[in-house]
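A short worksheet on the structure shown next.
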Amino acid sequence: MSMIRIEQVSKWYGSFQVLAECSTQVNKGEVVVVCGPSGSGKSTLIRCVNGLEGIQQGTIVVNGIALADPKTNLSKLRSHVGMVFQNFELFPHMSVTDNLTIGQIKVLGRPREEALARGLKMLERVGLKAQADKYPHALSGGQQQRVAIARALAMDPICMLFDEPTSALDPEMVNEVLDVMVELATEGMTMMCVTHEMGFARKVADRVIFMDHGRIVEDAAKDEFFGTPRAERAQVFLSKILQH
Amino acid sequence: MNELDWTSIPGALPILGHGMLVTLQITATAIVVGILWGTLLALARLSGLRPLAWLAAGYVNLFRAVPLVMVILWFYLIVPALLKDWLGVAQGADIRMVSALVAFALFESAYYAEIIRAGIQSVPKGQVSAAYALGMPYGLTMRLVVLPQAFRNMLPLLLTQAIILFQDTSLVYVIGLADFFGSAYKVGDRDGRLVELLLFAGAVYFVLCFGASLLVRQLQKRFAT
């Protein structure tokens, strides 16, 4: 059963085409890694999946609900889809605890006590229970990103979207974030991850998508992708980032 | 004029005090209404809805392009008619205060709207994305995520604008309203001690405004983290 279905999606910024007839899907429980050179449209694509960006052509269906359907309550749909951003985007004027509970209380309508318990449980899961009362600026980048993951998880998402979650991190902090993501993946969370972390892809991905110039040029099972990528552009890309 | 004679000031303090109350009342009203109405104008201007954005832009540009003195006079001349038509207030009632409050509130809104618009734009777009991604609709996103950060960023500017506003209230002399400046002028005129009274009033304005601006600077330092 497909959790995310992307069909013939095209998008333009003015006359510049950022996405060209992209089609793919993410099945329930599947982990799909999206990679490609910068400017290839991978971040744009994942932002389109929960409607943060609009599309001009094609359809996107999440959990059986078409985003473009006028009857779709986009906010409600988003509340079930966790998203993690490159720059963490914790709310700087709120404590870690408030960051974790605000969505649960104001969007899901959970009682404060329940939201707090749920939030702290997720915080413990990412290994940061001791930081509950701090403000985001007092945390390291890696810690902020783990809180951001906990914030998304506290909403009990049906799937998670990761938009380059480790690219803004100092190298020594990348792994603490990836560890959390690997754990999530092995627990069966449906995940779509835009990332250059090929180690992560090798470890937990079911499929790897390679994008270039707004097109999906390779969409293959992990072993096939790392074994013999068919698209020449993907081979060049892989050889470049796997060299070191 | 030979020597300065301050003796008429102590006796005039009750009148001056009442004038200061009028000044503060106009200032406070204009700040509160200005920030509320200014926020709505800023949101309208930033909204994707063209007609709404144009209306807000038109309002802001109009008020920012005419002198405050003129606006005060306009409202003094317009408000009586409106009050009579809409509320049935008897003609001849003293509407100077009401018209001044309305004029200042609407005029300051235009300035506050621009400050608030800049404040909203100073909040990174990613914050909006993050709020949306949590399932917050537009209203919640603004109220819980964007505006609190925006107001924090623009607090020094808002306070500076309040200080300017406090000084500008003296312009109500054109409609004969006895604010602090107006009262000082009247007392000075009555006692033939205009120079002394105006010097005294100027000193009071200076102390209050300069003190407030020092406070703003202090605040700015604390928030500049």
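Note on naming: chains are A, B, ... as they come in the structure tokens, residues start from 1 per chain, ligands start from 1 in the order shown.
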Would you pick out the contacts of Tyr112 in chain B at 10 Å or less, using only C-alpha atoms, so that residues sharing its chain but fewer than 6 positions from it are not included, and give the list as a PDB file with N, CA and C atoms, in the first residue's frame?
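Result saved to part_19.pdb:
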```
ATOM      1  N   ALA B  30      -3.112  55.660  21.258  1.00  0.00           N
ATOM      2  CA  ALA B  30      -2.529  55.525  19.921  1.00  0.00           C
ATOM      3  C   ALA B  30      -1.595  54.328  19.851  1.00  0.00           C
ATOM      4  N   ILE B  31      -0.879  54.036  20.955  1.00  0.00           N
ATOM      5  CA  ILE B  31       0.021  52.875  20.950  1.00  0.00           C
ATOM      6  C   ILE B  31      -0.791  51.582  20.859  1.00  0.00           C
ATOM      7  N   VAL B  33      -4.109  50.990  20.075  1.00  0.00           N
ATOM      8  CA  VAL B  33      -4.868  50.828  18.830  1.00  0.00           C
ATOM      9  C   VAL B  33      -3.916  50.723  17.648  1.00  0.00           C
ATOM     10  N   GLY B  34      -2.855  51.537  17.681  1.00  0.00           N
ATOM     11  CA  GLY B  34      -1.903  51.541  16.573  1.00  0.00           C
ATOM     12  C   GLY B  34      -1.264  50.179  16.362  1.00  0.00           C
ATOM     13  N   ILE B  35      -0.896  49.521  17.465  1.00  0.00           N
ATOM     14  CA  ILE B  35      -0.244  48.216  17.315  1.00  0.00           C
ATOM     15  C   ILE B  35      -1.239  47.153  16.862  1.00  0.00           C
ATOM     16  N   LEU B  36      -2.454  47.183  17.436  1.00  0.00           N
ATOM     17  CA  LEU B  36      -3.462  46.191  17.030  1.00  0.00           C
ATOM     18  C   LEU B  36      -3.850  46.368  15.562  1.00  0.00           C
ATOM     19  N   TRP B  37      -4.262  47.580  15.215  1.00  0.00           N
ATOM     20  CA  TRP B  37      -4.694  47.878  13.849  1.00  0.00           C
ATOM     21  C   TRP B  37      -3.509  47.781  12.900  1.00  0.00           C
ATOM     22  N   GLY B  38      -2.327  48.214  13.369  1.00  0.00           N
ATOM     23  CA  GLY B  38      -1.123  48.123  12.549  1.00  0.00           C
ATOM     24  C   GLY B  38      -0.754  46.682  12.237  1.00  0.00           C
ATOM     25  N   THR B  39      -0.956  45.785  13.210  1.00  0.00           N
ATOM     26  CA  THR B  39      -0.677  44.363  12.967  1.00  0.00           C
ATOM     27  C   THR B  39      -1.590  43.815  11.874  1.00  0.00           C
ATOM     28  N   LEU B  41      -3.062  45.539   9.550  1.00  0.00           N
ATOM     29  CA  LEU B  41      -2.665  46.147   8.274  1.00  0.00           C
ATOM     30  C   LEU B  41      -1.433  45.444   7.701  1.00  0.00           C
ATOM     31  N   ALA B  42      -0.459  45.161   8.590  1.00  0.00           N
ATOM     32  CA  ALA B  42       0.771  44.499   8.130  1.00  0.00           C
ATOM     33  C   ALA B  42       0.441  43.110   7.581  1.00  0.00           C
ATOM     34  N   VAL B  60      -1.754  52.783   4.341  1.00  0.00           N
ATOM     35  CA  VAL B  60      -0.452  53.116   4.937  1.00  0.00           C
ATOM     36  C   VAL B  60       0.205  54.275   4.190  1.00  0.00           C
ATOM     37  N   ALA B 118       8.034  44.935   8.751  1.00  0.00           N
ATOM     38  CA  ALA B 118       9.467  44.620   8.731  1.00  0.00           C
ATOM     39  C   ALA B 118       9.784  43.548   9.776  1.00  0.00           C
ATOM     40  N   LEU B 157      12.215  49.378  18.066  1.00  0.00           N
ATOM     41  CA  LEU B 157      11.598  50.288  17.091  1.00  0.00           C
ATOM     42  C   LEU B 157      10.215  50.735  17.542  1.00  0.00           C
ATOM     43  N   LEU B 158       9.450  49.790  18.124  1.00  0.00           N
ATOM     44  CA  LEU B 158       8.112  50.139  18.595  1.00  0.00           C
ATOM     45  C   LEU B 158       8.192  51.193  19.695  1.00  0.00           C
ATOM     46  N   GLN B 161       9.176  54.568  18.324  1.00  0.00           N
ATOM     47  CA  GLN B 161       8.001  55.183  17.698  1.00  0.00           C
ATOM     48  C   GLN B 161       7.074  55.764  18.771  1.00  0.00           C
ATOM     49  N   ALA B 162       6.974  55.074  19.912  1.00  0.00           N
ATOM     50  CA  ALA B 162       6.120  55.566  20.999  1.00  0.00           C
ATOM     51  C   ALA B 162       6.656  56.890  21.547  1.00  0.00           C
TER      52      ALA B 162
END
```
Enumerate, in order of chain and increasing residue number, the residues of range 44-75 of chain A with an atom no farther than 12 Å from range 208-225 of chain A, each with its shortest atom pair and distance in Å to one decimal, counting only C-alpha atoms, as a tab-separated table.
```
residue	atom	partner	partner_atom	distance
A:Thr44	CA	A:Gly214	CA	9.0
A:Leu45	CA	A:Gly214	CA	8.7
A:Ile46	CA	A:Met211	CA	11.9
```
### Task
Tell me the residues of chain A close to chain B, meaning within 9 Å using only C-alpha atoms, as a VMD selection string.
chain A and resid 50 to 52 74 to 85 87 to 93 102 to 104 106 to 108 151 to 152 155
Any chance you could export the current selection's N, CA and C atoms as a PDB file, in the first residue's frame?
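Listing of part.pdb after writing:
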```pdb
ATOM      1  N   ASN A  50       4.181  17.576   1.424  1.00  0.00           N
ATOM      2  CA  ASN A  50       3.151  18.005   2.387  1.00  0.00           C
ATOM      3  C   ASN A  50       2.643  19.423   2.102  1.00  0.00           C
ATOM      4  N   GLY A  51       2.758  19.795   0.842  1.00  0.00           N
ATOM      5  CA  GLY A  51       2.085  21.016   0.399  1.00  0.00           C
ATOM      6  C   GLY A  51       2.727  22.307   0.856  1.00  0.00           C
ATOM      7  N   LEU A  52       3.994  22.256   1.283  1.00  0.00           N
ATOM      8  CA  LEU A  52       4.666  23.514   1.627  1.00  0.00           C
ATOM      9  C   LEU A  52       4.966  24.303   0.365  1.00  0.00           C
ATOM     10  N   LEU A  74      -5.501  20.670   4.321  1.00  0.00           N
ATOM     11  CA  LEU A  74      -4.054  20.519   4.236  1.00  0.00           C
ATOM     12  C   LEU A  74      -3.405  20.533   5.627  1.00  0.00           C
ATOM     13  N   SER A  75      -3.883  21.415   6.506  1.00  0.00           N
ATOM     14  CA  SER A  75      -3.314  21.498   7.849  1.00  0.00           C
ATOM     15  C   SER A  75      -3.490  20.172   8.590  1.00  0.00           C
ATOM     16  N   LYS A  76      -4.673  19.594   8.449  1.00  0.00           N
ATOM     17  CA  LYS A  76      -4.950  18.337   9.149  1.00  0.00           C
ATOM     18  C   LYS A  76      -4.045  17.231   8.613  1.00  0.00           C
ATOM     19  N   LEU A  77      -3.891  17.207   7.296  1.00  0.00           N
ATOM     20  CA  LEU A  77      -3.021  16.197   6.696  1.00  0.00           C
ATOM     21  C   LEU A  77      -1.582  16.368   7.192  1.00  0.00           C
ATOM     22  N   ARG A  78      -1.120  17.621   7.214  1.00  0.00           N
ATOM     23  CA  ARG A  78       0.256  17.884   7.655  1.00  0.00           C
ATOM     24  C   ARG A  78       0.475  17.468   9.101  1.00  0.00           C
ATOM     25  N   SER A  79      -0.572  17.568   9.924  1.00  0.00           N
ATOM     26  CA  SER A  79      -0.396  17.222  11.335  1.00  0.00           C
ATOM     27  C   SER A  79      -0.089  15.734  11.494  1.00  0.00           C
ATOM     28  N   HIS A  80      -0.373  14.933  10.461  1.00  0.00           N
ATOM     29  CA  HIS A  80      -0.056  13.499  10.525  1.00  0.00           C
ATOM     30  C   HIS A  80       1.241  13.154   9.806  1.00  0.00           C
ATOM     31  N   VAL A  81       1.853  14.166   9.190  1.00  0.00           N
ATOM     32  CA  VAL A  81       3.091  13.927   8.446  1.00  0.00           C
ATOM     33  C   VAL A  81       4.223  14.683   9.143  1.00  0.00           C
ATOM     34  N   GLY A  82       5.168  13.951   9.694  1.00  0.00           N
ATOM     35  CA  GLY A  82       6.278  14.617  10.384  1.00  0.00           C
ATOM     36  C   GLY A  82       7.265  15.167   9.380  1.00  0.00           C
ATOM     37  N   MET A  83       7.807  16.343   9.679  1.00  0.00           N
ATOM     38  CA  MET A  83       8.821  16.865   8.777  1.00  0.00           C
ATOM     39  C   MET A  83       9.991  17.438   9.568  1.00  0.00           C
ATOM     40  N   VAL A  84      11.197  17.133   9.085  1.00  0.00           N
ATOM     41  CA  VAL A  84      12.415  17.613   9.724  1.00  0.00           C
ATOM     42  C   VAL A  84      13.199  18.415   8.691  1.00  0.00           C
ATOM     43  N   PHE A  85      13.671  19.604   9.110  1.00  0.00           N
ATOM     44  CA  PHE A  85      14.273  20.535   8.162  1.00  0.00           C
ATOM     45  C   PHE A  85      15.795  20.600   8.313  1.00  0.00           C
ATOM     46  N   ASN A  87      17.607  23.252   8.702  1.00  0.00           N
ATOM     47  CA  ASN A  87      18.002  24.181   9.770  1.00  0.00           C
ATOM     48  C   ASN A  87      17.190  24.004  11.046  1.00  0.00           C
ATOM     49  N   PHE A  88      16.768  22.792  11.304  1.00  0.00           N
ATOM     50  CA  PHE A  88      16.068  22.408  12.544  1.00  0.00           C
ATOM     51  C   PHE A  88      14.720  23.089  12.705  1.00  0.00           C
ATOM     52  N   GLU A  89      14.744  24.446  12.668  1.00  0.00           N
ATOM     53  CA  GLU A  89      13.524  25.240  12.787  1.00  0.00           C
ATOM     54  C   GLU A  89      12.746  24.946  14.068  1.00  0.00           C
ATOM     55  N   LEU A  90      13.479  24.752  15.162  1.00  0.00           N
ATOM     56  CA  LEU A  90      12.801  24.777  16.453  1.00  0.00           C
ATOM     57  C   LEU A  90      12.330  26.203  16.667  1.00  0.00           C
ATOM     58  N   PHE A  91      11.289  26.388  17.493  1.00  0.00           N
ATOM     59  CA  PHE A  91      10.815  27.743  17.757  1.00  0.00           C
ATOM     60  C   PHE A  91      11.687  28.345  18.851  1.00  0.00           C
ATOM     61  N   PRO A  92      12.472  29.385  18.523  1.00  0.00           N
ATOM     62  CA  PRO A  92      13.501  29.864  19.440  1.00  0.00           C
ATOM     63  C   PRO A  92      12.941  30.544  20.690  1.00  0.00           C
ATOM     64  N   HIS A  93      11.676  30.986  20.624  1.00  0.00           N
ATOM     65  CA  HIS A  93      11.101  31.687  21.776  1.00  0.00           C
ATOM     66  C   HIS A  93      10.388  30.731  22.732  1.00  0.00           C
ATOM     67  N   ILE A 102       3.558  22.072  21.784  1.00  0.00           N
ATOM     68  CA  ILE A 102       2.657  23.081  21.214  1.00  0.00           C
ATOM     69  C   ILE A 102       1.780  22.523  20.090  1.00  0.00           C
ATOM     70  N   GLY A 103       2.383  21.704  19.221  1.00  0.00           N
ATOM     71  CA  GLY A 103       1.608  21.125  18.132  1.00  0.00           C
ATOM     72  C   GLY A 103       0.551  20.161  18.656  1.00  0.00           C
ATOM     73  N   GLN A 104       0.948  19.351  19.630  1.00  0.00           N
ATOM     74  CA  GLN A 104      -0.001  18.387  20.197  1.00  0.00           C
ATOM     75  C   GLN A 104      -1.199  19.093  20.829  1.00  0.00           C
ATOM     76  N   LYS A 106      -2.187  22.530  20.502  1.00  0.00           N
ATOM     77  CA  LYS A 106      -2.940  23.485  19.691  1.00  0.00           C
ATOM     78  C   LYS A 106      -3.510  22.867  18.418  1.00  0.00           C
ATOM     79  N   VAL A 107      -2.844  21.842  17.894  1.00  0.00           N
ATOM     80  CA  VAL A 107      -3.318  21.266  16.636  1.00  0.00           C
ATOM     81  C   VAL A 107      -4.123  19.992  16.885  1.00  0.00           C
ATOM     82  N   LEU A 108      -3.560  19.080  17.695  1.00  0.00           N
ATOM     83  CA  LEU A 108      -4.260  17.817  17.933  1.00  0.00           C
ATOM     84  C   LEU A 108      -5.275  17.930  19.066  1.00  0.00           C
ATOM     85  N   ARG A 151      10.008  16.404  18.187  1.00  0.00           N
ATOM     86  CA  ARG A 151       8.805  17.234  18.024  1.00  0.00           C
ATOM     87  C   ARG A 151       7.885  16.642  16.954  1.00  0.00           C
ATOM     88  N   ALA A 152       8.507  16.185  15.860  1.00  0.00           N
ATOM     89  CA  ALA A 152       7.702  15.591  14.800  1.00  0.00           C
ATOM     90  C   ALA A 152       7.089  14.270  15.266  1.00  0.00           C
ATOM     91  N   MET A 155       3.831  14.038  17.423  1.00  0.00           N
ATOM     92  CA  MET A 155       2.529  14.193  16.762  1.00  0.00           C
ATOM     93  C   MET A 155       1.997  12.842  16.257  1.00  0.00           C
TER      94      MET A 155
END
```
### Task
Determine the nearest neighbour of Ala113 in chain B from the options B:Ile95, B:Leu43, B:Met154, B:Val174, counting only C-alpha atoms.
B:Leu43
